[in-house]
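Raw contents of target.pdb, PDB, C-alpha atoms:
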```
ATOM      1  CA  MET A   1     145.540 151.276 141.449
ATOM      2  CA  PRO A   2     143.660 149.919 138.419
ATOM      3  CA  GLU A   3     145.731 148.064 135.854
ATOM      4  CA  THR A   4     147.110 150.167 133.022
ATOM      5  CA  SER A   5     148.643 149.457 129.642
ATOM      6  CA  ALA A   6     151.063 151.336 127.455
ATOM      7  CA  ASN A   7     148.144 153.190 125.868
ATOM      8  CA  ILE A   8     146.294 154.094 129.058
ATOM      9  CA  PRO A   9     147.713 156.768 131.390
ATOM     10  CA  ALA A  10     148.304 155.557 134.924
ATOM     11  CA  LEU A  11     146.015 158.207 136.428
ATOM     12  CA  GLY A  12     143.108 157.601 134.042
ATOM     13  CA  THR A  13     141.483 159.625 131.282
ATOM     14  CA  LEU A  14     138.165 160.868 132.686
ATOM     15  CA  LEU A  15     138.484 162.187 136.224
ATOM     16  CA  THR A  16     135.848 164.107 138.146
ATOM     17  CA  ALA A  17     136.973 166.631 140.732
ATOM     18  CA  MET A  18     134.328 165.552 143.233
ATOM     19  CA  VAL A  19     132.173 167.849 145.300
ATOM     20  CA  THR A  20     132.136 167.230 149.038
ATOM     21  CA  PRO A  21     128.540 166.579 150.159
ATOM     22  CA  PHE A  22     127.346 168.078 153.433
ATOM     23  CA  THR A  23     124.502 167.185 155.766
ATOM     24  CA  LYS A  24     121.802 169.703 156.640
ATOM     25  CA  ASP A  25     123.829 170.812 159.659
ATOM     26  CA  GLY A  26     126.964 171.382 157.557
ATOM     27  CA  ALA A  27     128.949 168.273 158.468
ATOM     28  CA  VAL A  28     130.710 166.247 155.785
ATOM     29  CA  ASP A  29     128.364 163.533 154.549
ATOM     30  CA  TYR A  30     130.710 160.599 153.962
ATOM     31  CA  LYS A  31     127.862 158.251 153.046
ATOM     32  CA  GLN A  32     126.705 160.547 150.247
ATOM     33  CA  ALA A  33     130.314 160.968 149.116
ATOM     34  CA  ALA A  34     130.704 157.206 148.803
ATOM     35  CA  GLU A  35     127.459 156.914 146.846
ATOM     36  CA  LEU A  36     128.448 159.753 144.515
ATOM     37  CA  ALA A  37     131.876 158.217 143.930
ATOM     38  CA  ASN A  38     130.345 154.892 142.952
ATOM     39  CA  LYS A  39     127.871 156.579 140.599
ATOM     40  CA  LEU A  40     130.618 158.525 138.848
ATOM     41  CA  VAL A  41     132.653 155.368 138.320
ATOM     42  CA  ASP A  42     129.593 153.432 137.166
ATOM     43  CA  ASP A  43     128.917 156.204 134.621
ATOM     44  CA  GLY A  44     132.404 156.150 133.126
ATOM     45  CA  CYS A  45     135.000 157.865 135.307
ATOM     46  CA  ASP A  46     138.245 155.933 135.634
ATOM     47  CA  GLY A  47     139.582 158.427 138.167
ATOM     48  CA  LEU A  48     138.326 160.691 140.943
ATOM     49  CA  VAL A  49     139.961 163.727 142.522
ATOM     50  CA  VAL A  50     138.851 164.030 146.144
ATOM     51  CA  THR A  51     138.835 167.397 147.951
ATOM     52  CA  GLY A  52     140.329 169.493 145.232
ATOM     53  CA  THR A  53     139.018 172.998 144.572
ATOM     54  CA  THR A  54     135.542 171.712 143.718
ATOM     55  CA  GLY A  55     135.658 169.589 146.864
ATOM     56  CA  GLU A  56     135.895 172.803 148.925
ATOM     57  CA  THR A  57     139.172 171.627 150.404
ATOM     58  CA  SER A  58     140.069 175.088 151.699
ATOM     59  CA  THR A  59     137.159 174.988 154.169
ATOM     60  CA  LEU A  60     137.662 171.385 155.298
ATOM     61  CA  THR A  61     139.651 170.387 158.358
ATOM     62  CA  ASP A  62     142.516 167.931 158.006
ATOM     63  CA  GLU A  63     140.324 165.277 159.605
ATOM     64  CA  GLU A  64     137.571 165.945 157.070
ATOM     65  CA  ASN A  65     139.979 165.792 154.142
ATOM     66  CA  LEU A  66     141.364 162.480 155.357
ATOM     67  CA  GLY A  67     137.853 161.234 156.059
ATOM     68  CA  MET A  68     136.878 161.958 152.456
ATOM     69  CA  PHE A  69     139.941 160.138 151.113
ATOM     70  CA  ARG A  70     139.086 157.123 153.260
ATOM     71  CA  ALA A  71     135.383 157.098 152.362
ATOM     72  CA  VAL A  72     135.922 157.332 148.618
ATOM     73  CA  LYS A  73     138.787 154.833 148.522
ATOM     74  CA  GLU A  74     136.784 152.306 150.545
ATOM     75  CA  ALA A  75     133.735 152.816 148.324
ATOM     76  CA  VAL A  76     135.462 152.557 144.968
ATOM     77  CA  GLY A  77     138.329 150.223 145.767
ATOM     78  CA  ASP A  78     140.362 149.437 142.676
ATOM     79  CA  ARG A  79     137.651 150.328 140.164
ATOM     80  CA  ALA A  80     139.146 153.784 139.599
ATOM     81  CA  VAL A  81     142.207 155.819 140.465
ATOM     82  CA  ILE A  82     141.716 157.912 143.618
ATOM     83  CA  ILE A  83     143.706 161.141 143.685
ATOM     84  CA  ALA A  84     143.801 163.130 146.909
ATOM     85  CA  GLY A  85     143.843 166.920 146.778
ATOM     86  CA  THR A  86     146.512 167.628 149.377
ATOM     87  CA  GLY A  87     148.085 170.833 148.103
ATOM     88  CA  THR A  88     148.017 174.037 150.138
ATOM     89  CA  ASN A  89     150.153 177.190 150.220
ATOM     90  CA  ASP A  90     152.081 175.726 153.175
ATOM     91  CA  THR A  91     154.638 173.122 152.122
ATOM     92  CA  ALA A  92     154.858 171.441 155.541
ATOM     93  CA  HIS A  93     151.066 171.238 155.805
ATOM     94  CA  SER A  94     150.854 169.788 152.288
ATOM     95  CA  ILE A  95     153.410 167.129 153.219
ATOM     96  CA  HIS A  96     151.410 166.255 156.340
ATOM     97  CA  LEU A  97     148.185 165.813 154.352
ATOM     98  CA  SER A  98     149.974 163.935 151.570
ATOM     99  CA  GLN A  99     151.522 161.446 153.949
ATOM    100  CA  GLY A 100     148.153 160.930 155.622
ATOM    101  CA  ALA A 101     146.516 160.337 152.261
ATOM    102  CA  ALA A 102     149.226 157.897 151.206
ATOM    103  CA  ALA A 103     148.724 155.927 154.420
ATOM    104  CA  LEU A 104     145.051 155.537 153.489
ATOM    105  CA  GLY A 105     145.973 153.916 150.174
ATOM    106  CA  VAL A 106     145.108 156.633 147.645
ATOM    107  CA  ASP A 107     146.651 156.228 144.204
ATOM    108  CA  GLY A 108     147.953 159.728 143.619
ATOM    109  CA  LEU A 109     148.122 163.322 144.817
ATOM    110  CA  LEU A 110     146.908 166.559 143.236
ATOM    111  CA  ILE A 111     149.151 169.420 144.352
ATOM    112  CA  VAL A 112     148.161 172.966 143.447
ATOM    113  CA  THR A 113     150.614 175.798 142.870
ATOM    114  CA  PRO A 114     151.156 177.498 146.251
ATOM    115  CA  TYR A 115     148.688 180.367 146.295
ATOM    116  CA  TYR A 116     148.780 183.774 148.009
ATOM    117  CA  ASN A 117     152.501 183.568 148.952
ATOM    118  CA  LYS A 118     153.601 184.315 145.336
ATOM    119  CA  PRO A 119     156.933 182.445 145.518
ATOM    120  CA  SER A 120     159.576 182.602 142.801
ATOM    121  CA  GLN A 121     159.772 179.778 140.288
ATOM    122  CA  ALA A 122     162.612 178.345 142.371
ATOM    123  CA  GLY A 123     160.240 178.331 145.328
ATOM    124  CA  VAL A 124     157.489 176.712 143.279
ATOM    125  CA  GLN A 125     159.878 173.981 142.183
ATOM    126  CA  ALA A 126     161.149 173.389 145.713
ATOM    127  CA  HIS A 127     157.557 173.221 147.024
ATOM    128  CA  PHE A 128     156.509 170.529 144.544
ATOM    129  CA  GLU A 129     159.708 168.534 144.934
ATOM    130  CA  ALA A 130     159.466 168.519 148.729
ATOM    131  CA  ILE A 131     155.911 167.189 148.633
ATOM    132  CA  ALA A 132     156.665 164.662 145.890
ATOM    133  CA  SER A 133     159.619 163.350 147.896
ATOM    134  CA  ALA A 134     157.509 162.865 151.027
ATOM    135  CA  THR A 135     155.624 159.821 149.661
ATOM    136  CA  ASP A 136     156.164 157.188 146.988
ATOM    137  CA  ILE A 137     152.923 157.763 145.054
ATOM    138  CA  PRO A 138     152.402 159.700 141.799
ATOM    139  CA  VAL A 139     151.860 163.458 141.830
ATOM    140  CA  MET A 140     149.788 165.560 139.455
ATOM    141  CA  VAL A 141     150.757 169.224 139.656
ATOM    142  CA  TYR A 142     147.917 171.702 139.235
ATOM    143  CA  ASP A 143     148.712 174.839 137.251
ATOM    144  CA  ILE A 144     145.895 177.355 137.796
ATOM    145  CA  PRO A 145     147.190 180.940 137.872
ATOM    146  CA  GLY A 146     143.643 182.311 138.076
ATOM    147  CA  ARG A 147     143.522 181.045 141.655
ATOM    148  CA  SER A 148     147.190 180.801 142.608
ATOM    149  CA  SER A 149     148.115 184.205 141.088
ATOM    150  CA  ILE A 150     151.254 182.734 139.453
ATOM    151  CA  PRO A 151     151.764 180.242 136.623
ATOM    152  CA  ILE A 152     154.146 177.328 136.606
ATOM    153  CA  GLU A 153     156.540 178.328 133.855
ATOM    154  CA  PRO A 154     157.408 175.756 131.175
ATOM    155  CA  GLU A 155     161.033 175.623 132.306
ATOM    156  CA  THR A 156     159.885 174.839 135.852
ATOM    157  CA  LEU A 157     157.645 172.007 134.644
ATOM    158  CA  ILE A 158     160.500 170.599 132.577
ATOM    159  CA  ARG A 159     162.712 170.552 135.663
ATOM    160  CA  LEU A 160     159.942 169.035 137.796
ATOM    161  CA  ALA A 161     159.545 166.215 135.265
ATOM    162  CA  ALA A 162     162.924 164.896 136.374
ATOM    163  CA  HIS A 163     161.398 163.916 139.741
ATOM    164  CA  GLN A 164     160.368 160.267 139.606
ATOM    165  CA  ASN A 165     157.051 160.862 141.397
ATOM    166  CA  ILE A 166     155.887 163.885 139.377
ATOM    167  CA  VAL A 167     154.047 162.327 136.458
ATOM    168  CA  ALA A 168     151.230 164.628 135.348
ATOM    169  CA  VAL A 169     149.939 168.185 135.012
ATOM    170  CA  LYS A 170     146.395 169.474 135.353
ATOM    171  CA  ASP A 171     146.489 172.631 133.244
ATOM    172  CA  ALA A 172     143.941 175.387 133.830
ATOM    173  CA  LYS A 173     145.779 178.237 132.121
ATOM    174  CA  ALA A 174     145.245 177.163 128.479
ATOM    175  CA  ASP A 175     148.658 178.292 127.256
ATOM    176  CA  PHE A 176     148.852 175.746 124.455
ATOM    177  CA  ALA A 177     152.237 176.903 123.175
ATOM    178  CA  ALA A 178     153.798 176.529 126.618
ATOM    179  CA  ALA A 179     152.177 173.123 127.074
ATOM    180  CA  ALA A 180     153.426 171.941 123.684
ATOM    181  CA  GLN A 181     156.953 172.852 124.716
ATOM    182  CA  VAL A 182     156.658 170.834 127.921
ATOM    183  CA  MET A 183     155.053 167.869 126.145
ATOM    184  CA  ALA A 184     157.841 167.861 123.563
ATOM    185  CA  GLU A 185     160.585 167.845 126.190
ATOM    186  CA  THR A 186     159.103 165.622 128.923
ATOM    187  CA  ASP A 187     156.945 162.541 129.391
ATOM    188  CA  LEU A 188     154.482 164.330 131.694
ATOM    189  CA  ASP A 189     150.833 163.423 131.120
ATOM    190  CA  PHE A 190     148.747 166.565 130.607
ATOM    191  CA  TYR A 191     145.095 166.832 131.642
ATOM    192  CA  SER A 192     142.683 169.548 130.643
ATOM    193  CA  GLY A 193     141.702 171.589 133.671
ATOM    194  CA  ASP A 194     139.011 173.370 131.671
ATOM    195  CA  ASP A 195     135.961 171.274 130.777
ATOM    196  CA  GLY A 196     135.199 173.292 127.660
ATOM    197  CA  LEU A 197     138.690 172.836 126.224
ATOM    198  CA  THR A 198     138.871 169.058 126.459
ATOM    199  CA  LEU A 199     138.792 168.546 122.691
ATOM    200  CA  PRO A 200     141.552 171.045 121.794
ATOM    201  CA  TRP A 201     143.650 169.923 124.740
ATOM    202  CA  MET A 202     143.511 166.281 123.696
ATOM    203  CA  ALA A 203     144.144 167.236 120.073
ATOM    204  CA  LEU A 204     147.370 168.835 121.288
ATOM    205  CA  GLY A 205     148.411 165.726 123.215
ATOM    206  CA  ALA A 206     146.681 165.774 126.594
ATOM    207  CA  VAL A 207     145.548 162.366 127.855
ATOM    208  CA  GLY A 208     142.259 163.363 129.442
ATOM    209  CA  LEU A 209     140.216 165.697 131.609
ATOM    210  CA  VAL A 210     139.903 166.528 135.286
ATOM    211  CA  GLY A 211     136.443 168.041 135.207
ATOM    212  CA  VAL A 212     133.496 169.447 137.122
ATOM    213  CA  THR A 213     130.767 169.239 134.480
ATOM    214  CA  THR A 214     131.599 165.534 134.489
ATOM    215  CA  HIS A 215     129.451 165.281 137.628
ATOM    216  CA  VAL A 216     126.316 165.963 135.611
ATOM    217  CA  ALA A 217     127.184 164.695 132.105
ATOM    218  CA  THR A 218     129.567 161.865 132.916
ATOM    219  CA  ARG A 219     128.548 159.502 130.139
ATOM    220  CA  ARG A 220     128.771 162.195 127.452
ATOM    221  CA  PHE A 221     132.285 163.153 128.531
ATOM    222  CA  ARG A 222     133.211 159.467 128.454
ATOM    223  CA  GLU A 223     131.901 159.312 124.897
ATOM    224  CA  LEU A 224     133.813 162.495 123.990
ATOM    225  CA  ILE A 225     137.131 161.185 125.270
ATOM    226  CA  ASP A 226     136.601 157.773 123.697
ATOM    227  CA  ALA A 227     135.777 159.402 120.349
ATOM    228  CA  ILE A 228     138.929 161.518 120.464
ATOM    229  CA  ASN A 229     141.045 158.483 121.303
ATOM    230  CA  ALA A 230     139.415 156.582 118.421
ATOM    231  CA  ASN A 231     140.349 159.463 116.071
ATOM    232  CA  ASP A 232     136.649 159.994 115.363
ATOM    233  CA  LEU A 233     136.843 163.758 115.054
ATOM    234  CA  ALA A 234     133.339 164.188 113.635
ATOM    235  CA  THR A 235     131.741 162.493 116.629
ATOM    236  CA  ALA A 236     134.017 164.326 119.060
ATOM    237  CA  ARG A 237     133.066 167.693 117.557
ATOM    238  CA  LYS A 238     129.374 166.876 117.721
ATOM    239  CA  ILE A 239     129.544 165.863 121.389
ATOM    240  CA  ASN A 240     131.710 168.876 122.202
ATOM    241  CA  PHE A 241     129.159 171.269 120.710
ATOM    242  CA  GLU A 242     126.279 169.533 122.507
ATOM    243  CA  LEU A 243     128.087 169.824 125.847
ATOM    244  CA  GLN A 244     128.670 173.587 125.635
ATOM    245  CA  PRO A 245     125.392 174.673 127.336
ATOM    246  CA  VAL A 246     125.972 172.178 130.167
ATOM    247  CA  ILE A 247     129.513 173.465 130.601
ATOM    248  CA  ARG A 248     128.233 177.060 130.748
ATOM    249  CA  ALA A 249     125.680 176.068 133.378
ATOM    250  CA  THR A 250     128.234 174.311 135.533
ATOM    251  CA  MET A 251     131.330 176.436 135.086
ATOM    252  CA  THR A 252     130.460 180.055 134.234
ATOM    253  CA  ARG A 253     127.300 181.178 136.008
ATOM    254  CA  VAL A 254     128.411 180.579 139.602
ATOM    255  CA  GLN A 255     131.392 178.879 141.228
ATOM    256  CA  GLY A 256     131.797 175.280 140.034
ATOM    257  CA  ALA A 257     131.073 173.522 143.329
ATOM    258  CA  VAL A 258     127.971 175.664 143.809
ATOM    259  CA  ALA A 259     126.593 174.890 140.353
ATOM    260  CA  ALA A 260     127.505 171.202 140.438
ATOM    261  CA  LYS A 261     125.776 170.657 143.777
ATOM    262  CA  GLN A 262     122.670 172.511 142.613
ATOM    263  CA  ILE A 263     122.401 170.422 139.446
ATOM    264  CA  LEU A 264     123.150 167.178 141.296
ATOM    265  CA  LYS A 265     120.298 168.060 143.650
ATOM    266  CA  TRP A 266     117.960 168.570 140.678
ATOM    267  CA  GLN A 267     119.115 165.239 139.271
ATOM    268  CA  GLY A 268     118.290 163.527 142.562
ATOM    269  CA  VAL A 269     121.902 162.492 143.099
ATOM    270  CA  LEU A 270     122.405 164.652 146.204
ATOM    271  CA  PRO A 271     119.758 165.477 148.822
ATOM    272  CA  ASN A 272     120.823 169.124 149.085
ATOM    273  CA  SER A 273     123.065 171.763 147.530
ATOM    274  CA  ILE A 274     124.704 173.001 150.733
ATOM    275  CA  VAL A 275     128.123 174.659 150.463
ATOM    276  CA  ARG A 276     130.347 176.191 153.116
ATOM    277  CA  LEU A 277     131.008 179.880 153.548
ATOM    278  CA  PRO A 278     132.387 181.904 151.922
ATOM    279  CA  LEU A 279     130.534 180.035 149.154
ATOM    280  CA  VAL A 280     126.760 180.458 149.070
ATOM    281  CA  GLU A 281     124.040 178.710 147.116
ATOM    282  CA  PRO A 282     122.801 180.364 143.895
ATOM    283  CA  ASP A 283     120.112 182.986 144.116
ATOM    284  CA  GLU A 284     116.912 182.882 142.080
ATOM    285  CA  THR A 285     118.348 184.878 139.191
ATOM    286  CA  GLU A 286     121.366 182.600 138.937
ATOM    287  CA  ILE A 287     119.158 179.515 139.197
ATOM    288  CA  GLU A 288     117.025 180.724 136.301
ATOM    289  CA  ILE A 289     120.086 181.278 134.098
ATOM    290  CA  ILE A 290     121.437 177.818 134.947
ATOM    291  CA  ARG A 291     118.060 176.272 134.140
ATOM    292  CA  GLU A 292     118.010 178.057 130.771
ATOM    293  CA  ASP A 293     121.454 176.687 129.913
ATOM    294  CA  LEU A 294     120.424 173.161 130.855
ATOM    295  CA  ALA A 295     117.167 173.457 128.894
ATOM    296  CA  GLU A 296     119.197 174.424 125.818
ATOM    297  CA  ALA A 297     120.986 171.096 126.249
ATOM    298  CA  GLY A 298     117.679 169.265 126.620
ATOM    299  CA  LEU A 299     117.991 168.848 130.371
ATOM    300  CA  VAL A 300     114.917 169.964 132.282
ATOM    301  CA  PHE A 301     114.421 169.324 135.992
ATOM    302  CA  SER A 302     111.434 170.007 138.208
TER
END
```

Transcribe the structure of this file into structure tokens.
Amino acid sequence: MPETSANIPALGTLLTAMVTPFTKDGAVDYKQAAELANKLVDDGCDGLVVTGTTGETSTLTDEENLGMFRAVKEAVGDRAVIIAGTGTNDTAHSIHLSQGAAALGVDGLLIVTPYYNKPSQAGVQAHFEAIASATDIPVMVYDIPGRSSIPIEPETLIRLAAHQNIVAVKDAKADFAAAAQVMAETDLDFYSGDDGLTLPWMALGAVGLVGVTTHVATRRFRELIDAINANDLATARKINFELQPVIRATMTRVQGAVAAKQILKWQGVLPNSIVRLPLVEPDETEIEIIREDLAEAGLVFS
């Protein structure tokens, strides 16, 4: 793991939730994944989340997930924190993936709230604690009720903070009052799980962003976070406003992985924009809307 100081969170400040590139025949393209990982780090990311939601983890096999962890870790080395998305709605399966990821030398785990099952808060707590106890590496819990159907309640997060391996939260529910309560009562590092709310999240006390738009505007998000940390609010506001059309293009028109891959293809970073079913590539109407958003931000691609 990269060296940290008292002022730098152990899991980084600007993390991209990487897409998983595919070849024309639909296989995972580990070579392209390695190249993308290096580009993101070169452009300012100090952390990468591999096979999270945007990495289409739910349609990858265990072997493909582990292959992605290996490829990205080998490519980036110690230049950035590598966090493996190993959470599922099956605790035993999550432990299996987490232990496999730890054996490959990743620096942390991203564990999503167990989805579909709708457990009680006691079940949510037991799920996270079981996974966190299965390895000795840091865990970032991912609170995203829009996908999991249930939130992690503040009281549950406060209890989870007592576990030595649970160190951070990726918050995608934007309940600032609840987050403030948890921040006040724990030492958990909070990360914005919503690209467009990075500024207000960090103003509240979050340490950074786990983003998707960061694929296509990495340097600007680096500048945004650095400006916030330098207490340069005027610059941070300016960058935040300028990023809004790019965020709309990447996060609101179609699913994030779909949009990110399409834009990365236009940028020449990826050779294709292939996604796995049930995701599909954007249709012509969606493509036109995305292009209009990007043009508003001064980004025009042939």

Using 9 Å as the limit and counting only C-alpha atoms, can you tabulate each residue of stretch 48-167 of chain A that touches stretch 254-259 of chain A, with its shortest atom-to-atom distance in Å and the two atoms involved, as JSON lines?
```
{"residue": "A:Thr53", "atom": "CA", "partner": "A:Ala257", "partner_atom": "CA", "distance": 8.1}
{"residue": "A:Thr54", "atom": "CA", "partner": "A:Ala257", "partner_atom": "CA", "distance": 4.8}
{"residue": "A:Gly55", "atom": "CA", "partner": "A:Ala257", "partner_atom": "CA", "distance": 7.0}
{"residue": "A:Glu56", "atom": "CA", "partner": "A:Ala257", "partner_atom": "CA", "distance": 7.4}
```

Centre, edges in Å (one decimal): axis-aligned box, stretch 128-133 of chain A, 4 Å padding on all six sides, as AutoDock Vina command-line options:
```
--center_x 157.8 --center_y 166.9 --center_z 146.6 --size_x 11.8 --size_y 15.2 --size_z 12.2
```

For a cut-off of 9 Å around (141.6, 169.2, 152.5), file coordinates, pick out all residues using all atoms listed in the file and list them as a ChimeraX atom specification.
/A:50-52,55-66,68,84-88,97

Point-to-point distance from atom CA of A:Phe69 to atom CA of A:Leu11, Å rounded to tenths:
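Spanning atom CA of A:Phe69 to atom CA of A:Leu11 is a straight-line distance of 16.0 Å.
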
Using Å and a single decimal, report how far atom CA of A:Thr218 sits from atom CA of A:Asp171.
20.1 Å

May I ask which of the residues A:Ser148, A:Thr91, A:Ser133, A:Thr156 is the closest one to A:Lys118, counting only C-alpha atoms?
A:Ser148

I need the output of the PyMOL selection byres ((chain A and resi 249) around 9) for this file as number ranges by chain; which residues are they?
A: 213, 244-248, 250-254, 259-260, 263, 289-294

Atomic distance atom CA of A:Pro200 - atom CA of A:Gln164, expressed in Å with one decimal:
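We find that atom CA of A:Pro200 and atom CA of A:Gln164 lie 28.1 Å from each other.
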
List, as a count of residues only, every residue that the PyMOL selection byres ((chain A and resi 175) around 12) selects in the file provided.
25

Mind telling me what the PyMOL selection byres ((chain A and resi 79) around 10) catches here, as a PyMOL selection string?
chain A and resi 1-3+38+41-42+45-47+73+75-78+80-82

Within 9 Å of A:Arg147 using all atoms listed in the file, minus same-chain residues under 4 positions, as a list in words
Thr113, Tyr115 and Tyr116 of chain A

Selection to disk with C-alpha atoms, as a PDB file, in the coordinates of the input:
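Wrote result.pdb, looks like this:
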```pdb
ATOM      1  CA  THR A 113     150.614 175.798 142.870  1.00  0.00           C
ATOM      2  CA  TYR A 115     148.688 180.367 146.295  1.00  0.00           C
ATOM      3  CA  TYR A 116     148.780 183.774 148.009  1.00  0.00           C
TER       4      TYR A 116
END
```
